Every structure is written in C-alpha cells, then in structure tokens.
file query22.txt (compact mmCIF, C-alpha atoms)
# COMPACT_ATOMS: atom_id res chain seq x y z
CA MET A 1 119.77 82.41 176.53
CA ALA A 2 116.66 82.19 178.70
CA THR A 3 117.89 78.93 180.09
CA LYS A 4 121.25 80.49 180.94
CA HIS A 5 119.54 83.41 182.68
CA GLU A 6 117.30 80.99 184.60
CA THR A 7 120.32 78.93 185.63
CA GLY A 8 122.10 82.04 186.82
CA ALA A 9 119.04 83.10 188.82
CA VAL A 10 118.82 79.68 190.43
CA LYS A 11 122.49 79.90 191.43
CA ILE A 12 121.93 83.33 192.96
CA LEU A 13 118.93 82.08 194.94
CA LYS A 14 120.89 79.10 196.18
CA ARG A 15 123.79 81.34 197.18
CA ARG A 16 121.45 83.65 199.08
CA SER A 17 119.80 80.72 200.84
CA LEU A 18 123.20 79.46 201.94
CA GLU A 19 124.22 82.92 203.17
CA ARG A 20 120.94 83.41 205.05
CA PRO A 21 121.44 82.89 208.80
CA ASN A 22 119.72 79.88 210.31
CA TRP A 23 118.18 81.39 213.42
CA ALA A 24 116.53 78.18 214.56
CA ALA A 25 119.82 76.29 214.52
CA GLY A 26 121.53 79.14 216.34
CA VAL A 27 118.91 79.22 219.10
CA LEU A 28 118.97 75.44 219.55
CA SER A 29 122.78 75.42 219.59
CA THR A 30 122.78 78.14 222.25
CA LEU A 31 120.31 76.20 224.38
CA TRP A 32 122.39 73.05 224.06
CA LEU A 33 125.53 75.03 224.98
CA LEU A 34 123.78 76.27 228.12
CA VAL A 35 122.76 72.72 229.02
CA VAL A 36 126.42 71.69 228.85
CA VAL A 37 128.11 74.79 230.28
CA VAL A 38 125.83 75.54 233.24
CA PRO A 39 126.48 72.23 235.08
CA LEU A 40 130.21 72.65 234.44
CA TYR A 41 130.10 76.16 235.90
CA ILE A 42 128.21 74.93 238.98
CA MET A 43 130.75 72.14 239.46
CA VAL A 44 133.80 74.41 239.13
CA LYS A 45 132.23 77.11 241.34
CA ALA A 46 131.46 74.62 244.12
CA SER A 47 134.98 73.16 243.97
CA ILE A 48 136.66 76.52 244.73
CA GLU A 49 134.45 77.44 247.70
CA ASP A 50 134.20 75.93 251.16
CA LYS A 51 131.26 73.90 252.39
CA PRO A 52 129.48 76.66 254.40
CA HIS A 53 129.52 79.21 251.56
CA TYR A 54 129.23 77.32 248.27
CA SER A 55 125.42 77.57 248.08
CA GLU A 56 124.68 80.72 250.09
CA GLU A 57 123.53 82.79 247.12
CA GLY A 58 122.45 79.98 244.83
CA PRO A 59 124.41 77.65 242.54
CA LEU A 60 124.43 80.12 239.62
CA SER A 61 125.78 83.09 241.58
CA LEU A 62 129.33 84.34 241.19
CA PRO A 63 131.91 82.86 243.57
CA THR A 64 132.24 84.82 246.81
CA MET A 65 135.55 83.29 247.80
CA PHE A 66 138.39 81.24 246.35
CA THR A 67 140.15 78.30 247.94
CA LEU A 68 142.12 75.27 246.78
CA ASP A 69 141.57 73.35 250.00
CA ASN A 70 139.06 71.05 248.33
CA TYR A 71 141.68 69.95 245.80
CA THR A 72 144.40 69.45 248.41
CA ASN A 73 141.99 67.49 250.61
CA ALA A 74 141.05 65.31 247.62
CA LEU A 75 144.72 64.50 247.04
CA ASP A 76 145.16 63.65 250.72
CA GLN A 77 142.19 61.27 250.85
CA GLY A 78 143.52 58.45 248.71
CA PHE A 79 143.09 60.17 245.36
CA LEU A 80 146.59 59.36 244.09
CA GLN A 81 146.22 55.63 244.88
CA ALA A 82 142.82 55.55 243.20
CA PHE A 83 144.27 57.43 240.22
CA ILE A 84 147.09 54.90 239.85
CA ASN A 85 144.65 51.98 240.09
CA THR A 86 142.38 53.54 237.48
CA ALA A 87 145.34 54.17 235.18
CA ILE A 88 146.45 50.54 235.55
CA VAL A 89 142.97 49.28 234.73
CA THR A 90 142.58 51.63 231.76
CA VAL A 91 145.97 50.90 230.18
CA SER A 92 145.49 47.15 230.66
CA VAL A 93 142.01 47.17 229.12
CA VAL A 94 143.22 49.17 226.11
CA ALA A 95 146.17 46.79 225.67
CA ILE A 96 143.91 43.71 225.74
CA VAL A 97 141.49 45.30 223.27
CA LEU A 98 144.32 46.21 220.88
CA ILE A 99 145.70 42.67 221.03
CA VAL A 100 142.35 40.94 220.48
CA VAL A 101 140.19 43.25 218.35
CA PRO A 102 142.34 44.06 215.25
CA PRO A 103 143.06 40.40 214.30
CA LEU A 104 139.46 39.50 215.09
CA ALA A 105 138.05 42.31 212.93
CA PHE A 106 140.48 41.40 210.12
CA ALA A 107 139.33 37.77 210.21
CA ILE A 108 135.67 38.83 210.11
CA VAL A 109 136.24 41.14 207.14
CA ARG A 110 138.44 38.84 205.04
CA SER A 111 137.16 35.37 205.96
CA ARG A 112 134.24 33.75 204.14
CA SER A 113 133.92 31.00 206.71
CA LYS A 114 130.47 30.41 208.20
CA PHE A 115 132.14 29.56 211.50
CA VAL A 116 133.79 33.00 211.72
CA ASN A 117 130.54 34.69 210.81
CA GLY A 118 128.71 32.65 213.44
CA VAL A 119 131.24 33.62 216.11
CA PHE A 120 130.78 37.26 215.14
CA GLN A 121 127.01 36.97 215.49
CA ILE A 122 127.41 35.43 218.93
CA MET A 123 129.76 38.24 219.95
CA LEU A 124 127.10 40.78 219.08
CA LEU A 125 125.08 39.43 222.00
CA GLY A 126 127.60 41.17 224.22
CA ILE A 127 126.07 44.48 223.20
CA ALA A 128 122.49 43.39 223.75
CA ILE A 129 123.07 42.00 227.26
CA PRO A 130 123.29 44.75 229.93
CA VAL A 131 125.92 44.58 232.64
CA GLN A 132 123.27 44.46 235.37
CA ALA A 133 121.94 41.18 233.98
CA ILE A 134 125.20 39.27 234.42
CA ILE A 135 126.81 40.98 237.40
CA VAL A 136 125.68 38.31 239.92
CA PRO A 137 126.95 35.24 237.96
CA LEU A 138 130.08 37.23 237.10
CA PHE A 139 130.67 37.85 240.81
CA PHE A 140 130.41 34.13 241.64
CA MET A 141 132.65 33.25 238.70
CA ILE A 142 135.34 35.74 239.74
CA ARG A 143 135.20 34.59 243.36
CA SER A 144 135.43 30.92 242.38
CA VAL A 145 138.69 31.49 240.49
CA GLY A 146 140.20 33.50 243.34
CA LEU A 147 140.26 36.91 241.67
CA TYR A 148 137.83 38.73 243.97
CA ASP A 149 139.16 42.04 245.32
CA ASN A 150 141.82 42.11 242.63
CA LEU A 151 142.29 44.64 239.85
CA ILE A 152 142.72 41.75 237.41
CA SER A 153 139.03 40.91 237.75
CA VAL A 154 138.06 44.50 236.88
CA ILE A 155 140.45 44.50 233.92
CA VAL A 156 139.17 41.20 232.49
CA ALA A 157 135.50 42.11 232.92
CA SER A 158 135.92 45.61 231.45
CA ALA A 159 137.88 44.30 228.46
CA ALA A 160 135.34 41.55 227.81
CA PHE A 161 132.51 44.07 227.59
CA SER A 162 134.53 46.48 225.44
CA ILE A 163 135.56 43.92 222.83
CA PRO A 164 132.16 43.44 221.07
CA MET A 165 131.55 47.15 220.42
CA CYS A 166 135.18 47.76 219.50
CA THR A 167 135.03 44.84 217.07
CA ILE A 168 131.99 46.32 215.32
CA VAL A 169 133.66 49.73 215.02
CA LEU A 170 136.94 48.35 213.67
CA THR A 171 135.15 45.92 211.33
CA ALA A 172 133.25 48.83 209.79
CA SER A 173 136.53 50.69 209.42
CA MET A 174 138.33 47.78 207.72
CA ARG A 175 135.45 47.23 205.30
CA GLN A 176 136.27 50.61 203.76
CA ILE A 177 139.52 49.19 202.37
CA THR A 178 138.90 48.13 198.76
CA ASN A 179 139.49 44.58 197.54
CA GLU A 180 141.77 45.94 194.80
CA LEU A 181 144.37 46.87 197.42
CA TYR A 182 144.24 43.41 198.96
CA GLU A 183 144.51 41.79 195.54
CA ALA A 184 147.45 44.01 194.58
CA MET A 185 149.42 42.95 197.65
CA SER A 186 148.48 39.30 197.10
CA VAL A 187 149.76 39.48 193.52
CA ASP A 188 153.05 40.86 194.87
CA GLY A 189 153.34 37.73 197.01
CA ALA A 190 152.48 39.30 200.36
CA SER A 191 151.42 36.92 203.10
CA VAL A 192 148.31 37.39 205.23
CA VAL A 193 150.43 38.63 208.13
CA ARG A 194 152.18 41.19 205.93
CA ILE A 195 148.86 42.37 204.49
CA PHE A 196 147.50 42.77 208.00
CA PHE A 197 150.42 44.82 209.31
CA GLN A 198 151.36 46.79 206.18
CA LEU A 199 147.95 47.46 204.65
CA THR A 200 145.03 46.89 206.99
CA LEU A 201 146.36 48.46 210.18
CA PRO A 202 147.84 51.60 208.57
CA MET A 203 144.60 52.26 206.67
CA SER A 204 142.49 51.73 209.80
CA LYS A 205 144.16 54.36 211.96
CA SER A 206 140.94 56.27 212.63
CA GLY A 207 139.16 53.08 213.58
CA LEU A 208 142.01 52.10 215.90
CA ALA A 209 141.93 55.56 217.49
CA THR A 210 138.19 55.15 218.04
CA VAL A 211 138.72 51.76 219.66
CA ILE A 212 141.41 53.16 221.96
CA ILE A 213 139.31 56.14 223.05
CA TYR A 214 136.13 54.13 223.48
CA SER A 215 137.74 51.39 225.56
CA ALA A 216 139.77 53.90 227.60
CA MET A 217 136.71 56.01 228.44
CA GLY A 218 134.72 52.92 229.37
CA ALA A 219 137.45 51.59 231.65
CA TRP A 220 138.19 54.97 233.23
CA ASN A 221 134.54 55.72 234.03
CA ASN A 222 133.55 52.16 235.01
CA PHE A 223 131.66 51.98 238.27
CA MET A 224 129.75 48.70 238.35
CA PHE A 225 132.67 46.26 238.05
CA PRO A 226 134.93 47.92 240.66
CA LEU A 227 131.96 48.22 243.04
CA ILE A 228 131.05 44.52 242.84
CA LEU A 229 134.44 42.89 242.24
CA THR A 230 136.66 44.85 244.67
CA GLN A 231 136.43 45.71 248.35
CA SER A 232 139.69 46.93 249.90
CA ASP A 233 140.90 50.53 249.85
CA SER A 234 144.13 49.50 248.12
CA ASN A 235 142.12 48.43 245.04
CA ARG A 236 139.79 51.43 244.99
CA VAL A 237 139.43 53.30 241.70
CA LEU A 238 138.42 56.91 241.09
CA THR A 239 134.71 56.24 240.65
CA LEU A 240 134.61 54.51 244.04
CA ASN A 241 136.84 57.14 245.63
CA LEU A 242 133.95 59.59 245.36
CA TYR A 243 132.00 57.49 247.87
CA GLN A 244 134.01 58.80 250.78
CA TYR A 245 132.48 62.27 250.40
CA GLN A 246 129.09 60.86 251.35
CA SER A 247 128.32 60.20 254.99
CA GLN A 248 125.26 59.30 257.03
CA PHE A 249 124.44 62.94 257.67
CA GLY A 250 125.29 64.62 254.37
CA ILE A 251 127.58 65.02 251.37
CA ASP A 252 130.67 67.17 251.06
CA ILE A 253 129.63 68.76 247.76
CA PRO A 254 132.68 71.06 247.28
CA GLY A 255 135.10 68.21 248.05
CA MET A 256 133.27 65.85 245.72
CA MET A 257 133.23 68.41 242.90
CA ALA A 258 136.98 68.93 243.25
CA ALA A 259 137.56 65.18 243.12
CA VAL A 260 135.29 64.86 240.07
CA ILE A 261 137.22 67.58 238.22
CA LEU A 262 140.55 65.93 239.02
CA SER A 263 139.13 62.58 237.90
CA VAL A 264 137.80 63.68 234.52
CA LEU A 265 140.73 65.83 233.42
CA PRO A 266 142.96 62.99 232.05
CA ILE A 267 140.24 61.26 230.05
CA LEU A 268 138.92 64.64 228.89
CA VAL A 269 142.34 65.43 227.42
CA VAL A 270 142.36 62.08 225.62
CA TYR A 271 138.88 62.77 224.26
CA PHE A 272 139.77 66.22 222.92
CA ILE A 273 142.88 64.87 221.22
CA GLY A 274 141.03 62.06 219.44
CA ARG A 275 137.44 63.30 219.23
CA ARG A 276 137.48 63.58 215.43
CA SER A 277 138.75 60.04 215.03
CA LEU A 278 136.12 58.88 217.51
CA VAL A 279 133.29 60.43 215.51
CA ASP A 280 134.67 59.18 212.18
CA GLY A 281 135.12 55.65 213.50
CA MET A 282 131.62 55.55 214.96
CA MET A 283 130.25 56.59 211.57
CA GLY A 284 132.10 53.77 209.82
CA MET A 285 134.52 56.13 208.04
CA GLY A 286 137.68 55.01 209.77
CA GLY A 287 139.20 53.54 206.63
CA LYS A 288 138.78 56.62 204.51
call {"tool": "encode", "arguments": {"input": "query22.txt", "output": "structure tokens"}}
result
Amino acid sequence: MATKHETGAVKILKRRSLERPNWAAGVLSTLWLLVVVVPLYIMVKASIEDKPHYSEEGPLSLPTMFTLDNYTNALDQGFLQAFINTAIVTVSVVAIVLIVVPPLAFAIVRSRSKFVNGVFQIMLLGIAIPVQAIIVPLFFMIRSVGLYDNLISVIVASAAFSIPMCTIVLTASMRQITNELYEAMSVDGASVVRIFFQLTLPMSKSGLATVIIYSAMGAWNNFMFPLILTQSDSNRVLTLNLYQYQSQFGIDIPGMMAAVILSVLPILVVYFIGRRSLVDGMMGMGGK
C-alpha cells in the first residue's frame, strides 16, 4: 500500500510540475518575438509613409500618414519584369531538383555499390564549398559557353548548389522506409521503377515538400548568381531590383521597404503552407 501511495504522490508531483508555468521560457519567447516583430513593424511602417516623414519621430513611432505611392512606384520601376524572371528561375530550379534528386536519393539508399557511395561523398563537398569560393571560375565557365547574361546560367548554378543539400534531406527521409516494405513489394514481383513510384515517393511526401520549399526559397532569394552572371535589365531578378533604390546621394528607404514586402510575400506564403513539412524533413522524419 505504501508503494501505491508513493506512486500516487509521484504522479501528483509530476502533474503539478507540468502545470507549473515556465516563466523563463515565456520571457525568452517574448524577447525572441520582439526581435522578429520589431523589424517587420519598422519595414511596414516605412513602406506606407513618404520619404520626408518616415523617420521624423523615430522608426518605432506610430505612422503619421498613410500612402500607397511606394507600392505603385515599385510596380512602375520594373518590379513586374523582375518578378516574372524570379518566378521563372524558381520554378525551373525546383523542376530540375525534382527530376534529379529523388532518383539520386533512391539510388543512394537502396544501392550497395561503392561507386554510388563514393559519388555521394563527393556530392557532399558541394555543401562544404561556399559560393564565394567558386564564383570567379563559375563566371569564366558560364561566359565560355555563351550563357552570360542569360537566366539559364542562374537556373543551372542555383540548381547545382541546391542538389547536394536536397539530396541529403531526401536521403534521410527515404531511410525511414523499412526494408520489410521493399521486400514485400519485391516478393509481389514489383520492378525497381514500380517500387520507386508506388512506394518510395508516396512515403517520402514530407521530404519532397522540404526539398521543394528549400530549393524554392534558395532560388527566390538568390543574390550572388544573378549579380555575377547577368547584366541587362531584362534579366534582372527581384533581389537585384532593389539596387535601383540606392543612388550616389542616398537610399529611398520607403520605396525599398515596399519593394521588399512585395518581393517576400509569395515565398512567405509558400513557407507558411509547408513549414511543418520543412521542419520534419530537416529533422530526418520525412518518411514517418
């Protein structure tokens, strides 16, 4: 009986400890929320005020006026063309990644070949090498094949640097699929292609969602490749479109903030839709 009473007391103590508020976590969460929200507030506030008034009473003050001129001016200054170019680059990069990465990850997971494992190890170097280290030879390579100042060069370079990380994420996702399921389909006479399309891909949906979101965000926010590999206004993307708000004598902060908000809205929507799959895939739980 004493043991039962002790067990009951332990349960009560555990229940009370779980119900006790965690003030430290609450304070830290509030501070982190402020770190995220305050810059967003400053950005939105500046975008709805004109240049002479946006900082009169400090960046944290309440807006003293409201105007949409910054947004209309952003649309008139090549924003739509830059948006279309960025969309083309992003969709193309995601398409290339989806064509290359799933079969590659499947081969890495299911193959026992030393050659495949060696290729995978070499691919991992793509994560260790920073973009800044290869941008000069990449520039000469792109120019030598006649793709300079062409969106194709940005697409190829962005996809090449997305593939290694996406392969790691999707490989971790496919490893969660048990061998029993593969063996069951093999016993039923399923071919490798059928196993890939009817078993592996459906059970790796979270990993695929992570790959799509990761590669899309990387392509949408890419700055280095468009800056080095393109030149003309017709091939300008959104990250380069923000350059026009900077002049020799100053920066049009309200106009730039409006352009930034318009630029991040599409990819922000994609992130909010698939954020759970992104977190799960990054944690290697895509196959569960």
call {"tool": "atom_distance", "arguments": {"input": "query22.txt", "atom1": "CA of Ala172 (chain A)", "atom2": "CA of Val270 (chain A)"}}
result
22.6 Å
call {"tool": "residues_around", "arguments": {"input": "query22.txt", "residues": "Leu62 (chain A)", "least_positions_apart": "2", "cutoff": "8 Å", "atoms": "only C-alpha atoms", "output": "JSON, numbers by chain"}}
result
{"A": [45, 60, 64]}
call {"tool": "residues_around", "arguments": {"input": "query22.txt", "residues": "Phe66 (chain A)", "least_positions_apart": "2", "cutoff": "8 Å", "atoms": "all atoms listed in the file", "output": "PDB file with C-alpha atoms, in the coordinates of the input"}}
result
ATOM      1  CA  ILE A  48     136.660  76.520 244.730  1.00  0.00           C
ATOM      2  CA  GLU A  49     134.450  77.440 247.700  1.00  0.00           C
ATOM      3  CA  PRO A  63     131.910  82.860 243.570  1.00  0.00           C
ATOM      4  CA  THR A  64     132.240  84.820 246.810  1.00  0.00           C
ATOM      5  CA  LEU A  68     142.120  75.270 246.780  1.00  0.00           C
TER       6      LEU A  68
END
call {"tool": "atom_distance", "arguments": {"input": "query22.txt", "atom1": "CA of Tyr243 (chain A)", "atom2": "CA of Met256 (chain A)"}}
result
8.7 Å
call {"tool": "atom_distance", "arguments": {"input": "query22.txt", "atom1": "CA of Thr86 (chain A)", "atom2": "CA of Met165 (chain A)"}}
result
21.2 Å
call {"tool": "closest_residue", "arguments": {"input": "query22.txt", "among": "A:Tyr245, A:Ala159, A:Phe106, A:Pro164", "to": "Gln176 (chain A)", "atoms": "all atoms listed in the file"}}
result
A:Phe106
call {"tool": "closest_residue", "arguments": {"input": "query22.txt", "among": "A:Val89, A:Ala25, A:Ala259, A:Ile155", "to": "Met43 (chain A)", "atoms": "all atoms listed in the file"}}
result
A:Ala259
call {"tool": "residues_around", "arguments": {"input": "query22.txt", "residues": "Leu124 (chain A)", "least_positions_apart": "6", "cutoff": "12 Å", "atoms": "all atoms listed in the file", "output": "list in words"}}
result
Asn117, Gly118, Phe161, Ser162, Ile163, Pro164, Met165, Cys166, Thr167, Ile168 and Val169 of chain A
call {"tool": "residues_around", "arguments": {"input": "query22.txt", "residues": "Ile177 (chain A)", "least_positions_apart": "2", "cutoff": "10 Å", "atoms": "only C-alpha atoms", "output": "mmCIF file with C-alpha atoms, in the coordinates of the input"}}
result
data_model
loop_
_atom_site.group_PDB
_atom_site.id
_atom_site.type_symbol
_atom_site.label_atom_id
_atom_site.label_comp_id
_atom_site.auth_asym_id
_atom_site.auth_seq_id
_atom_site.Cartn_x
_atom_site.Cartn_y
_atom_site.Cartn_z
ATOM 1 C CA VAL A 109 136.240 41.140 207.140
ATOM 2 C CA ALA A 172 133.250 48.830 209.790
ATOM 3 C CA SER A 173 136.530 50.690 209.420
ATOM 4 C CA MET A 174 138.330 47.780 207.720
ATOM 5 C CA ARG A 175 135.450 47.230 205.300
ATOM 6 C CA ASN A 179 139.490 44.580 197.540
ATOM 7 C CA GLU A 180 141.770 45.940 194.800
ATOM 8 C CA LEU A 181 144.370 46.870 197.420
ATOM 9 C CA TYR A 182 144.240 43.410 198.960
ATOM 10 C CA LEU A 199 147.950 47.460 204.650
ATOM 11 C CA THR A 200 145.030 46.890 206.990
ATOM 12 C CA MET A 203 144.600 52.260 206.670
ATOM 13 C CA SER A 204 142.490 51.730 209.800
ATOM 14 C CA GLY A 286 137.680 55.010 209.770
ATOM 15 C CA GLY A 287 139.200 53.540 206.630
ATOM 16 C CA LYS A 288 138.780 56.620 204.510
#
call {"tool": "closest_residue", "arguments": {"input": "query22.txt", "among": "A:Val187, A:Ile152, A:Val44, A:Ile228", "to": "Asn70 (chain A)", "atoms": "only C-alpha atoms"}}
result
A:Val44
call {"tool": "closest_residue", "arguments": {"input": "query22.txt", "among": "A:Gln132, A:Ser215, A:Leu265, A:Gly146", "to": "Val91 (chain A)", "atoms": "all atoms listed in the file"}}
result
A:Ser215
call {"tool": "residues_around", "arguments": {"input": "query22.txt", "residues": "Pro226 (chain A)", "least_positions_apart": "6", "cutoff": "10 Å", "atoms": "all atoms listed in the file", "output": "MDAnalysis selection string"}}
result
chainID A and resid 86 149:151 153:155 157:158 235:240
call {"tool": "closest_residue", "arguments": {"input": "query22.txt", "among": "A:Ala190, A:Val156, A:Val269, A:Leu208", "to": "Val93 (chain A)", "atoms": "only C-alpha atoms"}}
result
A:Val156
call {"tool": "closest_residue", "arguments": {"input": "query22.txt", "among": "A:Val27, A:Ala258, A:Leu138, A:Met185", "to": "Asp50 (chain A)", "atoms": "all atoms listed in the file"}}
result
A:Ala258
